[in-house]
>>> print(open('structure17.txt').read())   # compact mmCIF, C-alpha atoms
# COMPACT_ATOMS: atom_id res chain seq x y z
CA MET A 17 -5.14 -6.18 -41.04
CA LYS A 18 -2.05 -5.32 -39.01
CA GLU A 19 0.05 -6.79 -36.25
CA SER A 20 -0.88 -6.05 -32.64
CA GLU A 21 -0.53 -7.54 -29.16
CA THR A 22 -2.98 -10.31 -30.12
CA THR A 23 -2.29 -10.70 -33.85
CA GLU A 24 0.88 -11.92 -35.59
CA LEU A 25 1.39 -11.95 -39.40
CA LYS A 26 3.88 -14.20 -41.22
CA LYS A 27 4.67 -14.15 -44.93
CA SER A 28 5.20 -17.91 -45.30
CA LEU A 29 5.39 -21.19 -43.42
CA ALA A 30 9.16 -20.83 -43.41
CA GLU A 31 8.52 -18.57 -40.41
CA LEU A 32 6.56 -21.25 -38.52
CA LYS A 33 9.13 -21.47 -35.69
CA ALA A 34 8.93 -17.70 -35.06
CA GLY A 35 5.14 -17.97 -35.28
CA LEU A 36 5.10 -20.50 -32.46
CA VAL A 37 7.13 -18.10 -30.31
CA SER A 38 4.55 -15.37 -31.01
CA MET A 39 1.71 -17.71 -30.04
CA SER A 40 3.29 -18.48 -26.66
CA ALA A 41 4.03 -14.77 -26.04
CA ILE A 42 0.44 -13.76 -26.84
CA LEU A 43 -0.98 -16.53 -24.65
CA ASN A 44 1.16 -15.42 -21.71
CA LYS A 45 -0.05 -11.82 -22.09
CA HIS A 46 -3.67 -12.09 -23.24
CA GLY A 47 -4.71 -15.75 -23.25
CA HIS A 48 -5.96 -15.65 -26.87
CA GLY A 49 -4.92 -14.43 -30.30
CA GLU A 50 -4.47 -15.10 -34.02
CA LEU A 51 -1.50 -16.17 -36.13
CA TRP A 52 -1.70 -15.71 -39.93
CA PHE A 53 0.46 -17.11 -42.69
CA GLY A 54 0.39 -15.57 -46.17
CA LEU A 55 0.35 -11.96 -44.94
CA ARG A 56 3.27 -9.56 -44.85
CA GLY A 57 4.00 -7.55 -41.70
CA ASP A 58 2.26 -4.51 -43.20
CA GLY A 59 -0.94 -6.53 -43.72
CA GLN A 60 -0.54 -7.03 -47.48
CA ALA A 61 -1.83 -10.46 -48.54
CA VAL A 62 0.68 -12.48 -50.58
CA GLY A 63 -0.98 -15.90 -50.23
CA LEU A 64 0.61 -19.34 -49.95
CA ASP A 65 0.19 -22.84 -51.33
CA ALA A 66 -1.68 -24.81 -48.71
CA SER A 67 -3.53 -28.11 -48.57
CA GLU A 68 -5.19 -30.23 -45.91
CA LYS A 69 -1.75 -31.72 -45.20
CA THR A 70 -0.42 -28.20 -44.57
CA LEU A 71 -3.09 -27.67 -41.92
CA ARG A 72 -2.18 -30.99 -40.25
CA ASP A 73 1.54 -30.15 -40.31
CA VAL A 74 0.91 -26.81 -38.61
CA SER A 75 -1.35 -28.44 -35.98
CA GLN A 76 1.30 -31.10 -35.28
CA ALA A 77 4.05 -28.48 -34.95
CA ILE A 78 1.95 -26.55 -32.42
CA ALA A 79 1.25 -29.75 -30.44
CA ALA A 80 4.95 -30.72 -30.48
CA HIS A 81 6.50 -27.38 -29.54
CA ILE A 82 4.06 -25.46 -27.30
CA GLU A 83 3.55 -26.47 -23.68
CA PRO A 84 1.09 -26.80 -22.02
CA LYS A 85 -0.95 -28.26 -24.86
CA ILE A 86 -3.41 -26.06 -26.70
CA TYR A 87 -5.96 -26.98 -29.35
CA PRO A 88 -6.14 -24.18 -31.93
CA GLN A 89 -8.46 -23.80 -34.89
CA VAL A 90 -6.42 -23.97 -38.12
CA THR A 91 -8.34 -22.88 -41.21
CA LEU A 92 -7.79 -21.61 -44.76
CA GLU A 93 -9.14 -18.11 -45.40
CA ARG A 94 -9.08 -15.80 -48.41
CA ILE A 95 -7.74 -12.28 -47.90
CA ASP A 96 -7.95 -9.98 -50.93
CA GLY A 97 -8.43 -13.09 -53.05
CA CYS A 98 -5.26 -14.75 -51.71
CA PRO A 99 -5.34 -18.06 -49.79
CA CYS A 100 -4.04 -17.53 -46.23
CA LEU A 101 -3.78 -19.79 -43.24
CA LYS A 102 -5.36 -18.65 -39.97
CA VAL A 103 -4.52 -20.11 -36.55
CA ALA A 104 -6.95 -19.01 -33.82
CA PHE A 105 -5.83 -20.04 -30.33
CA GLU A 106 -6.59 -19.54 -26.64
CA GLY A 107 -5.50 -20.92 -23.29
CA SER A 108 -5.46 -20.12 -19.58
CA GLU A 109 -2.71 -22.43 -18.29
CA THR A 110 0.08 -19.83 -18.21
CA PRO A 111 3.01 -19.81 -18.50
CA TYR A 112 3.22 -21.20 -22.05
CA TYR A 113 6.56 -22.26 -23.53
CA ALA A 114 7.70 -22.44 -27.16
CA GLN A 115 10.68 -24.72 -27.77
CA GLY A 116 11.19 -24.79 -23.99
CA ARG A 117 11.33 -21.01 -23.48
CA ALA A 118 8.75 -18.53 -22.20
CA TYR A 119 7.99 -15.23 -23.93
CA MET A 120 5.78 -12.19 -23.33
CA ARG A 121 4.05 -10.06 -25.96
CA VAL A 122 4.96 -6.36 -25.84
CA ALA A 123 3.25 -4.33 -28.60
CA ASP A 124 4.03 -6.45 -31.69
CA GLU A 125 7.28 -7.93 -30.32
CA ASP A 126 8.00 -11.18 -28.47
CA ARG A 127 10.39 -10.80 -25.54
CA GLN A 128 11.91 -13.76 -23.73
CA LEU A 129 11.06 -13.75 -20.02
CA SER A 130 13.82 -13.62 -17.42
CA ALA A 131 13.80 -16.06 -14.52
CA LYS A 132 12.36 -13.35 -12.23
CA GLU A 133 9.61 -12.43 -14.69
CA LEU A 134 8.74 -16.09 -15.13
CA GLU A 135 8.53 -16.50 -11.37
CA LYS A 136 6.09 -13.57 -11.14
CA LEU A 137 3.95 -15.07 -13.91
CA ILE A 138 3.77 -18.40 -12.10
CA LEU A 139 2.93 -16.72 -8.78
CA ALA A 140 0.20 -14.65 -10.46
CA LYS A 141 -1.32 -17.82 -11.91
CA HIS A 142 -1.47 -19.46 -8.50
CA SER A 143 -2.22 -16.29 -6.53
CA ASP A 144 -5.59 -17.47 -5.23
CA ARG A 145 -4.17 -20.78 -4.05
CA LEU A 146 -1.10 -19.09 -2.56
CA ARG A 147 -3.00 -16.38 -0.67
CA TRP A 148 -2.53 -16.64 3.07
CA ASP A 149 -5.84 -15.09 4.13
CA ASN A 150 -8.04 -17.70 2.42
CA GLY A 151 -5.99 -20.69 3.57
CA LEU A 152 -7.54 -23.21 5.96
CA CYS A 153 -7.04 -22.41 9.64
CA ARG A 154 -6.35 -24.81 12.52
CA MET A 155 -8.56 -22.82 14.87
CA SER A 156 -12.08 -24.15 15.50
CA LEU A 157 -15.32 -22.21 15.56
CA ALA A 158 -15.49 -22.66 19.35
CA GLU A 159 -12.32 -20.58 19.72
CA LEU A 160 -13.95 -17.49 18.22
CA ASP A 161 -15.39 -14.72 20.40
CA VAL A 162 -19.12 -14.75 19.60
CA GLY A 163 -19.53 -11.19 20.92
CA LYS A 164 -16.88 -9.82 18.54
CA LEU A 165 -18.38 -11.76 15.66
CA ARG A 166 -21.90 -10.56 16.33
CA ARG A 167 -20.87 -6.89 16.68
CA PHE A 168 -18.99 -7.10 13.39
CA VAL A 169 -21.86 -8.77 11.54
CA GLU A 170 -24.36 -6.21 12.78
CA LYS A 171 -22.03 -3.32 11.89
CA ALA A 172 -21.70 -4.82 8.41
CA GLY A 173 -25.49 -4.75 8.06
CA LEU A 174 -25.90 -8.53 7.96
CA GLY A 175 -28.56 -10.41 9.90
CA TRP A 176 -27.42 -12.42 12.92
CA ASP A 177 -28.59 -15.94 13.69
CA THR A 178 -25.76 -18.39 14.46
CA PRO A 179 -21.94 -18.14 14.51
CA GLU A 180 -21.75 -20.78 11.75
CA ASN A 181 -23.96 -18.76 9.42
CA ALA A 182 -22.16 -15.54 10.35
CA VAL A 183 -18.71 -16.76 9.30
CA ALA A 184 -20.24 -18.28 6.16
CA LYS A 185 -21.82 -14.92 5.22
CA LEU A 186 -18.44 -13.25 5.69
CA GLY A 187 -16.74 -15.80 3.42
CA LEU A 188 -14.64 -17.23 6.27
CA PHE A 189 -15.81 -20.86 6.08
CA LYS A 190 -14.69 -23.48 3.53
CA ASP A 191 -15.00 -27.27 3.62
CA GLY A 192 -16.29 -27.02 7.19
CA LYS A 193 -13.17 -25.16 8.39
CA LEU A 194 -12.34 -21.56 9.22
CA LEU A 195 -10.05 -19.54 6.97
CA ASN A 196 -6.92 -17.77 8.25
CA ALA A 197 -8.55 -14.33 8.21
CA ALA A 198 -11.13 -15.32 10.84
CA PRO A 199 -8.93 -15.42 13.99
CA LEU A 200 -7.35 -12.06 13.11
CA PHE A 201 -10.74 -10.44 13.72
CA PHE A 202 -12.63 -12.73 16.07
CA ALA A 203 -10.33 -15.04 18.10
CA LYS A 204 -10.80 -15.22 21.87
CA ALA A 205 -7.00 -15.34 22.17
CA PRO A 206 -5.89 -12.92 19.44
CA PRO A 207 -2.80 -14.06 17.51
CA LEU A 208 -1.51 -10.59 16.62
CA GLU A 209 1.01 -8.30 18.29
CA LEU A 210 1.83 -4.64 17.73
CA ARG A 211 5.22 -3.19 18.67
CA CYS A 212 5.48 0.51 19.51
CA ALA A 213 8.42 2.65 20.56
CA VAL A 214 9.36 6.30 21.13
CA PHE A 215 12.95 7.30 20.39
CA GLY A 216 14.82 10.23 21.90
CA THR A 217 16.51 11.33 18.67
CA THR A 218 16.08 10.99 14.92
CA ASP A 219 17.46 7.44 14.98
CA SER A 220 16.91 4.35 17.10
CA ALA A 221 19.93 4.82 19.38
CA MET A 222 17.92 5.99 22.42
CA ILE A 223 14.61 4.34 23.36
CA ILE A 224 12.42 6.46 25.63
CA ASP A 225 9.37 4.20 25.71
CA ARG A 226 8.52 0.75 24.42
CA HIS A 227 5.17 -0.97 24.44
CA ASP A 228 4.13 -4.35 22.96
CA ILE A 229 0.38 -4.88 22.60
CA GLN A 230 -1.55 -8.05 21.84
CA GLY A 231 -5.05 -8.01 20.41
CA ASP A 232 -7.22 -8.62 17.37
CA ILE A 233 -6.72 -6.63 14.20
CA MET A 234 -9.40 -4.04 15.08
CA GLU A 235 -8.01 -3.46 18.58
CA LEU A 236 -4.45 -3.04 17.35
CA ILE A 237 -5.46 -0.45 14.75
CA GLU A 238 -7.02 1.64 17.53
CA GLU A 239 -4.04 1.11 19.85
CA ALA A 240 -1.54 2.12 17.17
CA GLN A 241 -3.40 5.37 16.51
CA LYS A 242 -3.72 6.18 20.21
CA TYR A 243 -0.02 5.51 20.79
CA VAL A 244 1.04 7.92 18.07
CA LEU A 245 -1.34 10.68 19.18
CA LYS A 246 -0.16 10.29 22.78
CA ASN A 247 3.46 10.82 21.74
CA ILE A 248 3.28 13.69 19.25
CA HIS A 249 2.40 17.34 19.76
CA ILE A 250 -1.23 18.44 19.75
CA GLY A 251 -2.04 22.03 18.84
CA MET A 252 -5.44 23.67 18.81
CA ARG A 253 -7.69 26.02 16.91
CA LEU A 254 -10.92 27.74 17.82
CA GLU A 255 -14.16 26.92 16.00
CA GLY A 256 -16.60 29.48 17.33
CA LEU A 257 -16.41 29.20 21.11
CA TYR A 258 -14.97 25.70 21.11
CA ARG A 259 -11.39 24.45 21.15
CA VAL A 260 -10.50 21.76 18.60
CA ASP A 261 -7.32 19.70 19.04
CA VAL A 262 -5.06 19.66 15.95
CA PRO A 263 -2.32 16.97 15.96
CA GLU A 264 0.86 17.82 14.06
CA ILE A 265 0.19 14.79 11.80
CA SER A 266 -3.13 14.39 9.99
CA VAL A 267 -5.26 11.83 11.84
CA GLU A 268 -6.95 10.81 8.56
CA ALA A 269 -3.64 10.05 6.86
CA LEU A 270 -2.21 8.35 9.95
CA ARG A 271 -5.23 6.08 10.41
CA GLU A 272 -5.25 5.08 6.73
CA ALA A 273 -1.57 4.14 6.89
CA ILE A 274 -2.16 2.02 10.01
CA ILE A 275 -5.12 0.22 8.43
CA ASN A 276 -3.08 -0.43 5.28
CA ALA A 277 -0.24 -1.86 7.37
CA PHE A 278 -2.53 -4.53 8.84
CA CYS A 279 -4.54 -5.05 5.66
CA HIS A 280 -1.66 -5.50 3.20
CA ARG A 281 1.12 -6.96 5.36
CA ASP A 282 2.62 -10.36 4.58
CA TYR A 283 1.16 -12.64 7.24
CA ARG A 284 3.55 -15.45 6.32
CA ASP A 285 6.34 -13.31 7.75
CA PRO A 286 6.49 -13.77 11.57
CA ASP A 287 7.53 -10.13 12.09
CA TYR A 288 5.16 -7.51 13.57
CA VAL A 289 3.55 -4.26 12.49
CA GLN A 290 5.64 -1.54 14.16
CA VAL A 291 4.98 2.07 15.17
CA ALA A 292 8.16 4.13 15.64
CA VAL A 293 7.94 7.71 16.93
CA PHE A 294 11.15 9.64 16.28
CA LYS A 295 11.88 13.30 16.98
CA ASP A 296 11.53 14.23 13.33
CA ARG A 297 9.01 11.68 12.04
CA VAL A 298 6.58 8.86 12.76
CA GLU A 299 7.02 5.58 10.90
CA ILE A 300 4.42 2.85 10.33
CA ARG A 301 6.21 -0.35 9.31
CA ASN A 302 4.75 -3.62 8.11
CA PRO A 303 6.40 -6.85 6.96
CA GLY A 304 6.05 -7.41 3.23
CA LYS A 305 7.13 -5.15 0.39
CA LEU A 306 4.69 -3.76 -2.17
CA TYR A 307 2.62 -6.55 -3.67
CA GLY A 308 2.68 -7.71 -7.29
CA SER A 309 3.89 -5.22 -9.86
CA LEU A 310 3.14 -2.14 -7.74
CA THR A 311 6.11 0.26 -7.39
CA LEU A 312 6.89 3.20 -5.10
CA ASP A 313 6.55 5.61 -8.02
CA ALA A 314 3.18 4.18 -9.02
CA LEU A 315 2.04 4.38 -5.40
CA ARG A 316 2.47 8.16 -5.33
CA THR A 317 0.21 8.57 -8.37
CA GLY A 318 -2.75 7.39 -6.26
CA PHE A 319 -5.74 5.33 -7.36
CA VAL A 320 -3.66 2.18 -7.78
CA SER A 321 -4.21 -0.86 -5.64
CA GLN A 322 -3.00 -4.44 -5.59
CA ARG A 323 -4.24 -6.48 -2.67
CA ARG A 324 -2.11 -9.14 -1.04
CA ASN A 325 -4.99 -10.15 1.25
CA PRO A 326 -8.30 -9.63 -0.62
CA LEU A 327 -10.37 -11.42 2.03
CA ILE A 328 -9.03 -9.22 4.84
CA ALA A 329 -9.56 -6.13 2.66
CA ASP A 330 -13.14 -7.24 1.97
CA LEU A 331 -13.84 -7.56 5.71
CA PHE A 332 -12.57 -4.00 6.24
CA ARG A 333 -14.71 -2.84 3.32
CA ARG A 334 -17.84 -4.39 4.86
CA ILE A 335 -17.54 -2.08 7.87
CA GLU A 336 -16.39 0.87 5.72
CA MET A 337 -12.84 1.03 7.02
CA VAL A 338 -11.51 0.79 3.47
CA GLU A 339 -13.08 1.20 0.04
CA ALA A 340 -13.07 -1.13 -2.95
CA TRP A 341 -11.79 1.59 -5.27
CA GLY A 342 -8.28 2.14 -3.89
CA ARG A 343 -8.97 5.63 -2.43
CA GLY A 344 -6.77 5.11 0.64
CA MET A 345 -3.53 6.28 -0.96
CA PRO A 346 -5.04 9.50 -2.42
CA LEU A 347 -6.41 10.24 1.06
CA ILE A 348 -2.93 9.90 2.59
CA LEU A 349 -1.34 12.03 -0.14
CA LYS A 350 -4.01 14.71 0.19
CA ASN A 351 -3.69 15.05 3.97
CA ALA A 352 0.07 14.45 4.23
CA PRO A 353 1.62 15.44 0.87
CA ASP A 354 5.18 15.16 2.24
CA VAL A 355 4.67 11.53 3.30
CA VAL A 356 7.62 9.27 2.42
CA PHE A 357 7.29 5.64 1.28
CA ARG A 358 10.27 3.30 1.57
CA GLU A 359 11.18 -0.36 1.35
CA ILE A 360 14.01 -1.64 3.54
CA GLY A 361 14.74 -5.35 3.71
CA ASN A 362 11.32 -6.99 3.77
CA LEU A 363 9.65 -3.98 5.39
CA PHE A 364 7.35 -1.42 3.80
CA ILE A 365 7.58 1.91 5.65
CA VAL A 366 5.30 4.96 5.65
CA ALA A 367 6.99 7.97 7.27
CA PHE A 368 5.14 11.14 8.35
CA ARG A 369 7.21 14.25 9.08
CA ARG A 370 6.64 16.06 12.38
CA PRO A 371 6.42 19.83 11.73
CA SER A 372 7.39 20.65 15.32
CA TYR A 373 10.97 19.47 14.81
CA VAL A 374 13.71 22.11 14.53
CA GLU A 375 16.41 20.50 12.41
CA GLY A 376 19.98 20.97 13.59
CA SER A 377 18.87 22.57 16.85
CA SER A 378 20.05 21.54 20.29
CA LEU A 379 16.50 22.33 21.31
CA GLY A 380 15.13 19.85 18.79
CA ARG A 381 14.88 17.10 21.38
CA SER A 382 12.67 19.36 23.50
CA VAL A 383 10.53 20.94 20.78
CA GLY A 384 9.57 17.79 18.89
CA SER A 385 10.18 16.14 15.49
CA GLY A 386 9.56 16.52 11.68
CA MET A 387 9.92 19.25 9.04
CA LYS A 388 12.93 21.47 8.36
CA VAL A 389 12.23 24.95 9.75
CA ARG A 390 14.62 27.86 9.35
CA GLU A 391 15.17 30.57 11.92
CA ARG A 392 13.98 33.27 9.52
CA LYS A 393 10.61 31.59 8.99
CA PHE A 394 8.99 34.28 11.18
CA GLY A 395 10.37 37.12 9.09
CA LYS A 396 13.22 38.07 11.42
CA ASP A 397 16.33 36.39 12.74
CA VAL A 398 14.96 35.47 16.17
CA GLY A 399 17.71 33.04 17.09
CA GLU A 400 17.42 29.39 17.93
CA THR A 401 15.76 29.82 21.31
CA GLY A 402 13.36 32.50 20.10
CA HIS A 403 12.33 30.35 17.18
CA ALA A 404 11.75 27.35 19.45
CA ILE A 405 9.51 29.46 21.70
CA LEU A 406 7.45 30.66 18.72
CA VAL A 407 7.04 27.10 17.45
CA CYS A 408 5.82 25.91 20.85
CA LEU A 409 3.41 28.82 21.33
CA ALA A 410 2.03 28.50 17.80
CA GLN A 411 1.07 24.93 18.67
CA GLN A 412 -0.05 25.51 22.27
CA PRO A 413 -0.98 29.18 22.79
CA GLU A 414 -2.03 28.59 26.40
CA MET A 415 1.43 27.42 27.56
CA THR A 416 2.82 29.16 30.63
CA ILE A 417 6.40 30.40 31.06
CA PRO A 418 7.26 27.57 33.52
CA GLU A 419 5.87 25.04 31.04
CA LEU A 420 7.99 26.55 28.28
CA ALA A 421 11.05 26.43 30.53
CA ARG A 422 10.51 22.72 31.21
CA ARG A 423 9.86 21.96 27.55
CA LEU A 424 12.97 23.75 26.34
CA GLU A 425 15.13 22.84 29.33
CA LEU A 426 15.88 26.50 30.12
CA THR A 427 15.40 28.74 33.15
CA THR A 428 12.23 30.81 33.53
CA ARG A 429 14.42 33.94 33.51
CA ALA A 430 15.84 32.99 30.10
CA ILE A 431 12.32 32.39 28.75
CA GLU A 432 11.11 35.75 30.12
CA LYS A 433 13.98 37.59 28.40
CA GLN A 434 13.29 35.87 25.08
CA ILE A 435 9.56 36.59 25.28
CA ALA A 436 10.28 40.25 26.00
CA SER A 437 12.42 40.43 22.87
CA LEU A 438 9.79 38.68 20.76
CA ARG A 439 7.08 41.03 22.00
CA ALA A 440 9.28 44.03 21.29
CA ALA A 441 9.83 42.69 17.73
CA LYS A 442 6.02 42.44 17.40
CA LEU A 443 6.20 38.71 16.79
CA LEU A 444 4.32 37.74 19.92
CA LEU A 445 1.22 39.11 21.63
CA ARG A 446 -0.38 38.26 24.97
CA THR A 447 -4.19 38.37 25.18
CA GLY A 448 -6.56 37.72 28.08
CA GLY A 449 -5.95 37.65 31.81
CA ARG A 450 -3.12 36.17 33.79
CA LYS A 451 -4.80 32.81 34.38
CA LEU A 452 -6.86 32.41 31.19
CA GLY A 453 -4.65 34.37 28.81
CA ARG A 454 -3.16 33.12 25.56
CA TRP A 455 -0.15 33.79 23.37
CA GLU A 456 -0.65 34.81 19.76
CA VAL A 457 2.19 34.35 17.25
CA LEU A 458 1.79 37.29 14.89
CA LYS A 459 3.92 36.11 11.93
>>> encode(input="structure17.txt", output="C-alpha cells")
Amino acid sequence: MKESETTELKKSLAELKAGLVSMSAILNKHGHGELWFGLRGDGQAVGLDASEKTLRDVSQAIAAHIEPKIYPQVTLERIDGCPCLKVAFEGSETPYYAQGRAYMRVADEDRQLSAKELEKLILAKHSDRLRWDNGLCRMSLAELDVGKLRRFVEKAGLGWDTPENAVAKLGLFKDGKLLNAAPLFFAKAPPLELRCAVFGTTDSAMIIDRHDIQGDIMELIEEAQKYVLKNIHIGMRLEGLYRVDVPEISVEALREAIINAFCHRDYRDPDYVQVAVFKDRVEIRNPGKLYGSLTLDALRTGFVSQRRNPLIADLFRRIEMVEAWGRGMPLILKNAPDVVFREIGNLFIVAFRRPSYVEGSSLGRSVGSGMKVRERKFGKDVGETGHAILVCLAQQPEMTIPELARRLELTTRAIEKQIASLRAAKLLLRTGGRKLGRWEVLK
C-alpha cells in the first residue's frame, strides 16, 4: 500500500488533524478515498492500539471538523498482522472544508485553495444550474417560427408532428416553458445582432463600412461568413476546364471560428459577436473569455473542448454543424496554422492573417491585408510597386492594366512600365489573347 491521490497513510492518531485535511482535499478532487492510521508513509504497517471508543472518537472528529457532513465507514483492519484503522469516505457536495479551510489533492499532497480556485470549484459544482442556455425563457411557444422549427427538426432527422413535441425532442422544453436556447434558433423576432465593419488600415482608426445585422443564430452565421468573403481578396485556380474561387482565408477555418463564436459566447453579456476586417487580418470576436480551465496554450494543442453552452452545442451537433468530439479547433489549426487567439477584456478573439497584405508598404492599403511579405520573395529585388503587381496578379491572373492601376492607385503608364520590367526579368508571362488572356507569375 502507498499514498496516492485517493489514499492517505498516517502513522498514528496523533496525525488525526492532518488526516482530516487530506480527507477534504481528496473529496474536493475525486469525491471518494481512504484514510489509514497505523501505516507509515512508505506503506509499512506499524499498527496502533485501537478500541471501539477509538472508532467513535474518529467518527466524532470527522463530524465536527469536516463540512458539509459526510458519513464514512470506520473499521479496524489487519495489515501484515498489525491492527490498523481504515476510514473509507465519499461525498459529492463539494467544496468540502476541514477546520474551515478548503484543500485540493495534488499527487499525495494537500494544497490549500485560493479564493479564486475556491470560486471555480463552486461554479463547477453549480454549472448546470448556472448555465444560461438551459434557463427558463420568458418567450412563449406561440412566438416561435413554426417554419424554422420544422426545417430544423427535419434536417436533424427527427419526425415532425407538433411544435410542442418538436421542442421537447430537442430538449428545449422544461416545466411547460421554453429554455433560453430556443429563441436563438426559432424566434419570429430574433433576439440576436451581429456587428460587422471594414477598416481602412491595420487598426480601427478609419471605418470604411459598417453593417449591423439582426437575425437568428443560423442566419447570422451565414451573414458573418458572407460579409468576410465580400471584403477580402478572392483568387482562383483551374481544376480541369473550370475556375475555382480561392479566398485568401480558408473558408473552412473561417466558418468554424464563426460557429464557435456563437456557440461558446457568454450570452449573459449584452455585447455582440463582431466581425472586423482590417487590412492585415480578419478578427472574429465574441463576448466571454475561454470557459472553465481552458487556456490559450491548451487551445492550440487541439482536441480540447469545454462547452459554456452545451444545449446550444447539441443543437448544432444535431444538424452536423459541430461535432461532439471537439474537432473544430484542429480543423481551424489545420487550415489556418498561423491563426492567432487572444483575450482582451471580456472578449475572445480569433484573428486570421490576410496573405495579400504588404507590410510597411504605402501600397498596402490598395493591395489588401495579412502576412508579412518581403520584396525579394520572388527571387529578385522587384521594388515595392513591382512586388505589389505580382501579388495582385498571382491572386487574380485575369486583371487588366486599368484594373491594376485603380487597385494600386497608379497611372496606367506606370503599370505598363513595371509590367515591362517584370516580363524582361522573366517574372511575368502573358498568355492568351487580348480579351481572354491571363497573367502568369513565374516565380
>>> atom_distance(input="structure17.txt", atom1="atom CA of A:Leu363", atom2="atom CA of A:Pro286")
12.0 Å
>>> atom_distance(input="structure17.txt", atom1="atom CA of A:Cys279", atom2="atom CA of A:Leu306")
12.2 Å
>>> atom_distance(input="structure17.txt", atom1="atom CA of A:Arg281", atom2="atom CA of A:Glu238")
17.0 Å
>>> closest_residue(input="structure17.txt", among="A:Ala430, A:Ile335, A:Val214, A:Ile248", to="A:Pro371", atoms="only C-alpha atoms")
A:Ile248
>>> residues_near_point(input="structure17.txt", point="(6.2, -0.6, 8.1)", cutoff="6 Å", atoms="all atoms listed in the file", output="compact mmCIF listing (two decimals) with C-alpha atoms, keeping the file's coordinate frame")
# COMPACT_ATOMS: atom_id res chain seq x y z
CA ILE A 300 4.42 2.85 10.33
CA ARG A 301 6.21 -0.35 9.31
CA ASN A 302 4.75 -3.62 8.11
CA LEU A 363 9.65 -3.98 5.39
CA PHE A 364 7.35 -1.42 3.80
CA ILE A 365 7.58 1.91 5.65
>>> residues_around(input="structure17.txt", residues="stretch 87-94 of chain A", least_positions_apart="3", cutoff="8 Å", atoms="only C-alpha atoms", output="count of residues only")
15
>>> residues_near_point(input="structure17.txt", point="(4.7, -3.2, 0.2)", cutoff="9 Å", atoms="all atoms listed in the file", output="NGL selection string")
:A and (277 or 280-282 or 302-308 or 310-312 or 358-359 or 362-365)
>>> write_last_selection(input="structure17.txt", atoms="C-alpha atoms", output="mmCIF file, in the coordinates of the input")
data_model
loop_
_atom_site.group_PDB
_atom_site.id
_atom_site.type_symbol
_atom_site.label_atom_id
_atom_site.label_comp_id
_atom_site.auth_asym_id
_atom_site.auth_seq_id
_atom_site.Cartn_x
_atom_site.Cartn_y
_atom_site.Cartn_z
ATOM 1 C CA ALA A 277 -0.240 -1.860 7.370
ATOM 2 C CA HIS A 280 -1.660 -5.500 3.200
ATOM 3 C CA ARG A 281 1.120 -6.960 5.360
ATOM 4 C CA ASP A 282 2.620 -10.360 4.580
ATOM 5 C CA ASN A 302 4.750 -3.620 8.110
ATOM 6 C CA PRO A 303 6.400 -6.850 6.960
ATOM 7 C CA GLY A 304 6.050 -7.410 3.230
ATOM 8 C CA LYS A 305 7.130 -5.150 0.390
ATOM 9 C CA LEU A 306 4.690 -3.760 -2.170
ATOM 10 C CA TYR A 307 2.620 -6.550 -3.670
ATOM 11 C CA GLY A 308 2.680 -7.710 -7.290
ATOM 12 C CA LEU A 310 3.140 -2.140 -7.740
ATOM 13 C CA THR A 311 6.110 0.260 -7.390
ATOM 14 C CA LEU A 312 6.890 3.200 -5.100
ATOM 15 C CA ARG A 358 10.270 3.300 1.570
ATOM 16 C CA GLU A 359 11.180 -0.360 1.350
ATOM 17 C CA ASN A 362 11.320 -6.990 3.770
ATOM 18 C CA LEU A 363 9.650 -3.980 5.390
ATOM 19 C CA PHE A 364 7.350 -1.420 3.800
ATOM 20 C CA ILE A 365 7.580 1.910 5.650
#
>>> closest_residue(input="structure17.txt", among="A:Leu409, A:Val398, A:Ala205, A:Ala41", to="A:Ile82", atoms="all atoms listed in the file")
A:Ala41
>>> closest_residue(input="structure17.txt", among="A:Ala30, A:Ala184, A:Leu43, A:Ala77", to="A:Leu137", atoms="all atoms listed in the file")
A:Leu43
>>> closest_atom_pairs(input="structure17.txt", of="stretch 261-370 of chain A", to="stretch 222-230 of chain A", cutoff="10 Å", atoms="all atoms listed in the file", output="CSV")
residue,atom,partner,partner_atom,distance
A:Tyr288,CA,A:Asp228,CA,10.0
A:Gln290,CA,A:Asp228,CA,9.4
A:Val291,CA,A:His227,CA,9.8
A:Ala292,CA,A:Arg226,CA,9.4
A:Val293,CA,A:Asp225,CA,9.6
A:Phe294,CA,A:Ile223,CA,9.5
>>> closest_residue(input="structure17.txt", among="A:Asp65, A:Glu50, A:Glu135, A:Asp149", to="A:Ile328", atoms="only C-alpha atoms")
A:Asp149
>>> residues_around(input="structure17.txt", residues="A:Met345", least_positions_apart="6", cutoff="12 Å", atoms="all atoms listed in the file", output="number ranges by chain")
A: 268-276, 312, 314-322, 338-339, 351-353, 355, 357, 366
>>> closest_residue(input="structure17.txt", among="A:Val122, A:Leu236, A:Ala182, A:Leu55", to="A:Pro207", atoms="all atoms listed in the file")
A:Leu236
>>> closest_atom_pairs(input="structure17.txt", of="stretch 312-351 of chain A", to="stretch 161-174 of chain A", cutoff="9 Å", atoms="only C-alpha atoms", output="CSV")
residue,atom,partner,partner_atom,distance
A:Leu331,CA,A:Ala172,CA,8.8
A:Arg333,CA,A:Ala172,CA,8.9
A:Arg334,CA,A:Ala172,CA,5.3
A:Ile335,CA,A:Ala172,CA,5.0
A:Glu336,CA,A:Ala172,CA,8.2
>>> closest_residue(input="structure17.txt", among="A:Glu125, A:Glu239, A:Asp58, A:Glu68", to="A:Val289", atoms="only C-alpha atoms")
A:Glu239
>>> residues_around(input="structure17.txt", residues="A:Lys85", least_positions_apart="6", cutoff="9 Å", atoms="all atoms listed in the file", output="list in words")
Ile78, Ala79, Gly107, Glu109 and Tyr112 of chain A
>>> closest_atom_pairs(input="structure17.txt", of="stretch 183-276 of chain A", to="stretch 410-415 of chain A", cutoff="12 Å", atoms="all atoms listed in the file", output="CSV")
residue,atom,partner,partner_atom,distance
A:Ile248,CA,A:Gln411,CA,11.5
A:His249,CA,A:Gln411,CA,7.8
A:Ile250,CA,A:Gln411,CA,7.0
A:Gly251,CA,A:Gln411,CA,4.3
A:Met252,CA,A:Gln411,CA,6.6
A:Arg253,CA,A:Gln411,CA,9.0
A:Leu254,CA,A:Pro413,CA,11.2
A:Arg259,CA,A:Gln412,CA,11.4
A:Val260,CA,A:Gln412,CA,11.7
A:Asp261,CA,A:Gln412,CA,9.9
A:Val262,CA,A:Gln411,CA,8.5
A:Pro263,CA,A:Gln411,CA,9.1
A:Glu264,CA,A:Gln411,CA,8.5
